[in-house]
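The file final39.txt contains compact mmCIF, C-alpha atoms and all ligand atoms:
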# COMPACT_ATOMS: atom_id res chain seq x y z
CA MET G 1 -102.80 41.71 8.58
CA LYS G 2 -100.77 44.42 7.00
CA ARG G 3 -99.15 43.66 3.72
CA PHE G 4 -96.15 45.60 2.54
CA PHE G 5 -95.52 46.12 -1.10
CA LEU G 6 -91.85 47.01 -0.97
CA LEU G 7 -90.76 49.69 -3.38
CA GLY G 8 -92.56 50.93 -6.39
CA VAL G 9 -92.27 49.73 -9.89
CA MET G 10 -89.83 51.48 -12.19
CA LEU G 11 -91.70 52.19 -15.36
CA CYS G 12 -89.80 52.36 -18.56
CA ILE G 13 -92.30 53.32 -21.20
CA SER G 14 -90.99 54.31 -24.58
CA GLN G 15 -93.51 54.94 -27.36
CA VAL G 16 -96.97 55.89 -26.17
CA LYS G 17 -97.12 56.92 -22.52
CA ALA G 18 -100.25 55.94 -20.66
CA LEU G 19 -98.95 57.07 -17.27
CA PRO G 20 -96.69 59.90 -16.08
CA SER G 21 -92.98 59.19 -15.65
CA HIS G 22 -91.88 57.61 -12.34
CA ASN G 23 -89.53 60.16 -10.81
CA PRO G 24 -89.72 60.00 -6.99
CA VAL G 25 -87.94 63.26 -6.09
CA PRO G 26 -89.21 66.38 -4.28
CA GLY G 27 -91.44 68.02 -6.90
CA GLY G 28 -91.68 64.72 -8.78
CA ILE G 29 -94.15 61.87 -9.19
CA ALA G 30 -94.04 58.31 -7.82
CA VAL G 31 -95.89 55.73 -9.94
CA LEU G 32 -96.49 52.78 -7.61
CA GLU G 33 -98.28 49.50 -8.27
CA ILE G 34 -101.16 48.91 -5.86
CA PRO G 35 -103.78 46.13 -5.53
CA ALA G 36 -106.54 46.12 -8.17
CA ASN G 37 -109.35 48.61 -7.49
CA SER G 38 -107.65 49.92 -4.34
CA SER G 39 -107.76 53.62 -3.48
CA ALA G 40 -104.67 55.28 -2.04
CA ARG G 41 -103.71 58.16 0.26
CA PHE G 42 -100.43 60.00 0.70
CA GLU G 43 -99.88 62.22 3.75
CA GLY G 44 -103.63 62.06 4.33
CA ASP G 45 -104.64 63.25 0.85
CA PRO G 46 -106.44 61.03 -1.69
CA VAL G 47 -104.24 60.07 -4.64
CA LEU G 48 -104.93 59.63 -8.36
CA THR G 49 -105.11 55.97 -9.40
CA ALA G 50 -105.07 54.52 -12.92
CA SER G 51 -104.90 51.15 -14.63
CA ASP G 52 -102.55 50.22 -17.45
CA SER G 53 -101.89 46.83 -19.08
CA GLY G 54 -103.95 45.01 -16.44
CA LYS G 55 -102.13 46.62 -13.49
CA HIS G 56 -103.34 49.29 -11.07
CA TYR G 57 -101.17 52.24 -10.05
CA ALA G 58 -101.14 55.15 -7.64
CA ILE G 59 -99.76 58.33 -9.22
CA VAL G 60 -98.41 60.29 -6.28
CA GLY G 61 -97.45 63.97 -6.36
CA ILE G 62 -94.46 64.73 -4.10
CA SER G 63 -94.07 68.21 -2.59
CA LEU G 64 -90.95 70.25 -3.36
CA SER G 65 -90.52 70.58 0.41
CA GLN G 66 -90.68 66.79 1.00
CA LYS G 67 -87.64 65.36 2.83
CA PRO G 68 -85.84 62.61 0.87
CA GLY G 69 -85.99 59.12 2.42
CA LEU G 70 -88.52 56.36 3.01
CA ALA G 71 -92.16 57.35 2.42
CA THR G 72 -95.43 55.49 2.84
CA LEU G 73 -98.46 55.26 0.60
CA ALA G 74 -101.60 53.96 2.31
CA THR G 75 -103.84 51.64 0.29
CA ASP G 76 -107.08 49.83 1.15
CA SER G 77 -105.15 46.67 2.03
CA GLY G 78 -101.89 47.93 3.49
CA GLN G 79 -98.93 50.14 2.88
CA VAL G 80 -96.57 50.63 -0.04
CA LYS G 81 -93.13 51.86 0.97
CA PHE G 82 -91.07 53.83 -1.50
CA THR G 83 -87.94 55.94 -1.44
CA ILE G 84 -87.86 59.62 -2.27
CA VAL G 85 -84.44 60.54 -3.61
CA SER G 86 -82.96 64.02 -3.36
CA LYS G 87 -82.71 66.42 -6.28
CA ASN G 88 -80.78 69.65 -6.55
CA TYR G 89 -82.59 72.44 -8.31
CA LEU G 90 -80.73 75.44 -9.71
CA THR G 91 -81.14 78.99 -8.44
CA GLU G 92 -82.19 81.87 -10.66
CA SER G 93 -82.28 85.60 -9.97
CA LEU G 94 -84.92 87.70 -11.69
CA THR G 95 -85.64 91.41 -11.76
CA ILE G 96 -89.34 92.29 -11.63
CA PRO G 97 -89.88 95.87 -12.84
CA ASP G 98 -92.97 96.32 -10.61
CA GLN G 99 -91.58 96.14 -7.03
CA SER G 100 -95.13 96.05 -5.60
CA LYS G 101 -95.48 92.54 -7.12
CA VAL G 102 -92.48 91.40 -5.03
CA THR G 103 -93.31 93.18 -1.75
CA PRO G 104 -97.05 93.91 -2.03
CA PRO G 105 -98.53 96.85 -0.11
CA SER G 106 -100.60 95.77 2.90
CA ARG G 107 -103.83 96.92 1.24
CA ASP G 108 -103.41 94.03 -1.23
CA TYR G 109 -103.07 91.37 1.53
CA PRO G 110 -106.83 90.55 1.77
CA ARG G 111 -107.06 90.12 -2.01
CA ILE G 112 -103.95 87.91 -2.11
CA LYS G 113 -105.32 85.81 0.78
CA ALA G 114 -108.72 85.34 -0.91
CA GLU G 115 -107.10 84.34 -4.21
CA ARG G 116 -104.84 81.84 -2.44
CA ALA G 117 -107.91 80.31 -0.75
CA GLU G 118 -109.74 80.09 -4.08
CA MET G 119 -106.81 78.29 -5.74
CA ASN G 120 -106.38 76.06 -2.69
CA ARG G 121 -110.02 75.03 -2.87
CA VAL G 122 -109.39 73.78 -6.41
CA PHE G 123 -106.02 72.16 -5.62
CA THR G 124 -107.57 70.17 -2.75
CA SER G 125 -110.69 69.07 -4.66
CA PHE G 126 -110.96 65.40 -5.62
CA SER G 127 -113.56 64.25 -8.13
CA GLN G 128 -113.96 60.59 -9.05
CA ASP G 129 -113.72 61.23 -12.80
CA ARG G 130 -111.72 58.97 -15.07
CA VAL G 131 -108.49 60.81 -15.77
CA ASP G 132 -106.35 61.25 -18.85
CA SER G 133 -102.95 62.11 -17.36
CA THR G 134 -100.90 62.29 -20.54
CA PHE G 135 -100.46 65.89 -21.57
CA GLU G 136 -99.60 67.89 -24.66
CA LEU G 137 -97.71 71.18 -24.17
CA PRO G 138 -100.35 73.93 -23.74
CA VAL G 139 -98.43 76.39 -25.89
CA THR G 140 -95.67 76.09 -28.46
CA GLY G 141 -92.61 77.99 -27.33
CA ARG G 142 -89.28 77.93 -25.54
CA THR G 143 -89.12 76.77 -21.91
CA SER G 144 -87.79 79.97 -20.33
CA SER G 145 -87.75 78.69 -16.75
CA SER G 146 -88.11 75.10 -15.65
CA PHE G 147 -89.90 73.78 -12.57
CA GLY G 148 -88.30 73.82 -9.13
CA LYS G 149 -85.72 76.57 -9.53
CA ARG G 150 -84.98 78.44 -6.31
CA ARG G 151 -85.89 82.04 -6.89
CA ILE G 152 -84.41 85.36 -5.92
CA LEU G 153 -86.68 88.20 -7.00
CA ASN G 154 -85.22 91.72 -6.85
CA GLY G 155 -82.63 90.40 -4.37
CA LEU G 156 -85.17 88.66 -2.07
CA PRO G 157 -85.31 84.84 -1.68
CA LYS G 158 -88.83 83.66 -2.60
CA ASN G 159 -90.66 80.35 -2.97
CA PRO G 160 -89.20 77.97 -5.56
CA HIS G 161 -90.68 78.03 -9.05
CA SER G 162 -93.90 75.99 -8.89
CA GLY G 163 -94.38 75.51 -12.63
CA MET G 164 -92.88 75.62 -16.09
CA ASP G 165 -92.56 78.92 -17.96
CA ILE G 166 -93.01 78.85 -21.71
CA ALA G 167 -92.06 82.05 -23.54
CA ALA G 168 -94.28 82.92 -26.52
CA ALA G 169 -95.57 86.07 -28.17
CA GLU G 170 -98.50 87.85 -26.55
CA GLY G 171 -101.73 86.51 -28.08
CA THR G 172 -100.43 82.98 -28.79
CA PRO G 173 -103.29 80.55 -28.05
CA VAL G 174 -103.05 78.54 -24.83
CA LYS G 175 -104.61 75.09 -25.21
CA ALA G 176 -105.90 72.45 -22.81
CA PRO G 177 -103.24 69.70 -22.47
CA ALA G 178 -105.93 67.02 -21.93
CA PRO G 179 -109.70 66.86 -21.28
CA ALA G 180 -110.82 68.76 -18.17
CA ARG G 181 -113.43 70.97 -16.55
CA VAL G 182 -112.79 74.68 -15.92
CA ALA G 183 -112.67 74.94 -12.11
CA ALA G 184 -111.85 78.65 -11.66
CA THR G 185 -110.89 81.75 -13.60
CA GLY G 186 -109.86 85.18 -12.34
CA ASN G 187 -107.54 88.13 -12.42
CA TYR G 188 -105.13 87.36 -9.57
CA PHE G 189 -102.55 89.63 -7.96
CA PHE G 190 -99.44 87.54 -8.73
CA ASN G 191 -100.76 85.24 -11.47
CA GLY G 192 -102.65 87.82 -13.54
CA ASN G 193 -105.43 86.42 -15.72
CA THR G 194 -105.63 82.80 -14.63
CA VAL G 195 -107.47 79.58 -15.52
CA LEU G 196 -107.55 76.45 -13.34
CA LEU G 197 -108.51 73.12 -14.93
CA ASP G 198 -109.73 70.06 -13.01
CA HIS G 199 -108.72 66.87 -14.84
CA GLY G 200 -110.23 64.69 -12.09
CA GLN G 201 -108.93 62.85 -9.00
CA GLY G 202 -106.86 65.77 -7.74
CA LEU G 203 -105.00 66.37 -11.01
CA ILE G 204 -105.26 70.15 -11.46
CA THR G 205 -103.51 72.45 -13.92
CA LEU G 206 -102.99 76.23 -13.70
CA TYR G 207 -102.44 78.78 -16.53
CA CYS G 208 -101.19 82.26 -15.56
CA HIS G 209 -100.41 85.73 -16.95
CA LEU G 210 -102.94 85.35 -19.81
CA SER G 211 -103.80 88.35 -22.00
CA ARG G 212 -107.37 87.05 -22.28
CA ILE G 213 -109.53 84.21 -20.99
CA ASP G 214 -111.81 82.35 -23.44
CA VAL G 215 -113.49 79.90 -21.03
CA LYS G 216 -115.75 80.14 -18.00
CA ILE G 217 -116.23 78.12 -14.83
CA GLY G 218 -117.98 74.81 -15.48
CA ASP G 219 -116.99 74.58 -19.17
CA LYS G 220 -115.86 71.14 -20.31
CA VAL G 221 -112.76 71.32 -22.50
CA GLU G 222 -111.21 68.73 -24.75
CA ARG G 223 -107.52 68.28 -25.54
CA GLU G 224 -106.28 71.33 -27.54
CA ASP G 225 -109.36 73.48 -26.89
CA VAL G 226 -108.26 77.12 -26.53
CA LEU G 227 -108.37 78.44 -22.93
CA GLY G 228 -107.09 81.94 -23.66
CA ALA G 229 -103.91 83.59 -24.91
CA VAL G 230 -100.36 84.20 -23.68
CA GLY G 231 -99.92 87.57 -21.98
CA GLN G 232 -97.96 89.44 -19.33
CA THR G 233 -100.54 90.15 -16.62
CA GLY G 234 -99.53 89.79 -12.94
CA ARG G 235 -95.91 89.33 -11.79
CA VAL G 236 -93.84 88.89 -14.94
CA THR G 237 -90.67 89.95 -16.70
CA GLY G 238 -92.26 89.53 -20.15
CA PRO G 239 -94.96 87.63 -22.04
CA HIS G 240 -95.01 83.91 -21.17
CA LEU G 241 -97.27 81.15 -19.93
CA HIS G 242 -96.69 79.96 -16.38
CA TRP G 243 -98.05 76.40 -16.28
CA SER G 244 -98.39 74.49 -13.02
CA VAL G 245 -99.49 70.90 -12.49
CA SER G 246 -100.81 69.75 -9.11
CA LEU G 247 -101.32 66.16 -7.92
CA ASN G 248 -102.81 65.45 -4.46
CA ASN G 249 -102.29 69.15 -3.69
CA ASN G 250 -98.55 69.05 -4.45
CA ARG G 251 -97.14 71.07 -7.31
CA VAL G 252 -95.04 68.75 -9.53
CA ASP G 253 -92.85 69.10 -12.61
CA PRO G 254 -95.20 69.42 -15.62
CA ALA G 255 -92.54 67.83 -17.87
CA LEU G 256 -93.25 64.46 -16.19
CA LEU G 257 -96.75 64.34 -17.73
CA LEU G 258 -95.84 65.32 -21.27
CA THR G 259 -96.15 62.75 -24.04
CA SER G 260 -93.03 64.13 -25.71
CA ASP G 261 -89.73 65.06 -24.03
CA GLN G 262 -89.39 68.68 -22.94
CA ASP G 263 -87.11 70.23 -20.35
ZN ZN Y 301 -93.53 80.73 -13.79
Please rewrite the model in this file as structure tokens.
Amino acid sequence: MKRFFLLGVMLCISQVKALPSHNPVPGGIAVLEIPANSSARFEGDPVLTASDSGKHYAIVGISLSQKPGLATLATDSGQVKFTIVSKNYLTESLTIPDQSKVTPPSRDYPRIKAERAEMNRVFTSFSQDRVDSTFELPVTGRTSSSFGKRRILNGLPKNPHSGMDIAAAEGTPVKAPAPARVAATGNYFFNGNTVLLDHGQGLITLYCHLSRIDVKIGDKVEREDVLGAVGQTGRVTGPHLHWSVSLNNNRVDPALLLTSDQD
């Protein structure tokens, strides 16, 4: 018999956050109560689960391209229905001095494709580790571009902004927001010097445009361990950290995982 757990649980957590914020919008996170010890899947992908105060939750990443409306989480014992509400993101126009980073020459296509596959391999990985999903900001600085903005680069409409940009001086240390394992590092065409961290259960974070990388694949990092430094490698308008957070292979707003409020 199928059991339906209608609607998720609105979580209002003030002081210490043990779970991300419930914000079921495209590019957001749904925090849904599920039966104890159940696993969960959304759109076929395994989903992070966590317990808090004796209850068990699925922490579901929602794609920016997800249509608002009724959605279904599959659990071991049935389905949980929840509603994804619409959100309007602002548009920003940027001028990238290096036009080849906006319309790459065809000789760079194989490299771009290989790098995308490498990142995808990490984004789709799912370890069974216990996960700490409350994050500190990886660098101190001003949020220069928030998640989800629709982007026009040198007059061309591009994919929406898949992370949070934090402006800081070149060389400012970039720190792990929570414990993790280094899943990949590289010098990528668009992202420049890049580190990917695996926090477990499909929670992956990405650090781009670094001036240097201080970790290597397989390293275990603790909260606030230095990963590298802010730079301006790859497609940039100036030195900043581009920080992405991925849950069940959907890029979500990093602000939803921070222990302190940040736009
Ligand atoms: Zn960015």
I want to know what sits within 12 Å of Arg121 in chain G, based on all atoms listed in the file, with residues of the same chain fewer than 2 positions away left out; could you give that as number ranges by chain? G: 114-119, 123-126, 183-184, 196, 198, 202, 204, 249
With a distance cut-off of 12 Å and only C-alpha atoms, select the neighbouring residues of Lys55 in chain G, excluding the residue or stretch itself and same-chain residues fewer than 5 positions from it, and output the selection as JSON, numbers by chain. {"G": [9, 11, 18, 19, 31, 32, 33, 34, 35, 36, 37, 38, 49, 50]}
Just give me the gap between CA of Leu203 in chain G and CA of Ser133 in chain G in Å, one decimal is fine. 7.9 Å
Between chain G and ligand ZN 301 (chain Y), at 10 Å or less, what are the per-residue closest atom pairs and their distances in Å? Count all atoms listed in the file, order by chain and rising residue number, and return it as a tab-separated table.
residue	atom	partner	partner_atom	distance
G:Ser144	CA	Y:ZN301	ZN	8.7
G:Ser145	CA	Y:ZN301	ZN	6.8
G:Ser146	CA	Y:ZN301	ZN	8.0
G:Phe147	CA	Y:ZN301	ZN	7.9
G:Gly148	CA	Y:ZN301	ZN	9.8
G:Lys149	CA	Y:ZN301	ZN	9.8
G:Pro160	CA	Y:ZN301	ZN	9.7
G:His161	CA	Y:ZN301	ZN	6.2
G:Ser162	CA	Y:ZN301	ZN	6.8
G:Gly163	CA	Y:ZN301	ZN	5.4
G:Met164	CA	Y:ZN301	ZN	5.6
G:Asp165	CA	Y:ZN301	ZN	4.6
G:Ile166	CA	Y:ZN301	ZN	8.2
G:Ala167	CA	Y:ZN301	ZN	9.9
G:Asn191	CA	Y:ZN301	ZN	8.8
G:Tyr207	CA	Y:ZN301	ZN	9.5
G:Cys208	CA	Y:ZN301	ZN	8.0
G:His209	CA	Y:ZN301	ZN	9.1
G:Arg235	CA	Y:ZN301	ZN	9.1
G:Val236	CA	Y:ZN301	ZN	8.2
G:His240	CA	Y:ZN301	ZN	8.2
G:Leu241	CA	Y:ZN301	ZN	7.2
G:His242	CA	Y:ZN301	ZN	4.2
G:Trp243	CA	Y:ZN301	ZN	6.7
G:Ser244	CA	Y:ZN301	ZN	7.9
Can you work out which one of G:Thr172, G:Leu48, G:Tyr109, G:Phe42 has the shortest atom-to-atom distance to Gln79 in chain G, counting only C-alpha atoms? G:Phe42
Among listed residues G:Val80, G:Val60, G:Val25, G:Leu206, nearest Ala176 in chain G (using all atoms listed in the file):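 So, comparing all the options, the nearest one is G:Leu206.
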Can you work out the spacing between CA of Gly54 in chain G and CA of Arg130 in chain G in Å, to one decimal? 16.0 Å
When distances are computed from all atoms listed in the file, which of G:Ala40, G:Ile84, G:Val215, G:Ala71 shows the smallest separation from Tyr57 in chain G? G:Ala40
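Comparing the minimum interatomic distances between Asn250 in chain G and each of G:Gly28, G:Gly61, G:Pro138, G:Pro20, counting only C-alpha atoms, we find that G:Gly61 sits nearest.
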Could you list, as JSON, numbers by chain, every residue within 8 Å of Val230 in chain G, counting all atoms listed in the file and ignoring same-chain residues fewer than 6 positions away? {"G": [168, 169, 170, 171, 172, 173, 174, 209, 210, 211, 212, 239, 240, 241]}
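For the point (-83.6, 59.1, -3.7), the residues with at least one atom inside 12 Å, counting only C-alpha atoms, are Leu7, Asn23, Pro24, Val25, Pro26, Gly28, Ala30, Gln66, Lys67, Pro68, Gly69, Leu70, Ala71, Phe82, Thr83, Ile84, Val85, Ser86, Lys87 and Asn88 of chain G.
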Within 9 Å of Ser260 in chain G, counting all atoms listed in the file, which residues qualify if same-chain residues fewer than 4 places away don't, as a PDB file with C-alpha atoms, in the coordinates of the input?
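Produced file around.pdb, reproduced below:
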ATOM      1  CA  LYS G  17     -97.120  56.920 -22.520  1.00  0.00           C
ATOM      2  CA  PHE G 135    -100.460  65.890 -21.570  1.00  0.00           C
ATOM      3  CA  GLU G 136     -99.600  67.890 -24.660  1.00  0.00           C
ATOM      4  CA  LEU G 137     -97.710  71.180 -24.170  1.00  0.00           C
ATOM      5  CA  ALA G 255     -92.540  67.830 -17.870  1.00  0.00           C
TER       6      ALA G 255
END
Quick one: pull the distance between CA of Gln201 in chain G and CA of Asp214 in chain G, Å, one decimal.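 CA of Asp214 in chain G lies 24.4 Å from CA of Gln201 in chain G.
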Have a look at G:Asp225, G:Phe189, G:Ile29, G:Ser21 and name the one nearest to Ile112 in chain G; count all atoms listed in the file.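 With all atoms listed in the file as the atom set, the closest residue is G:Phe189.
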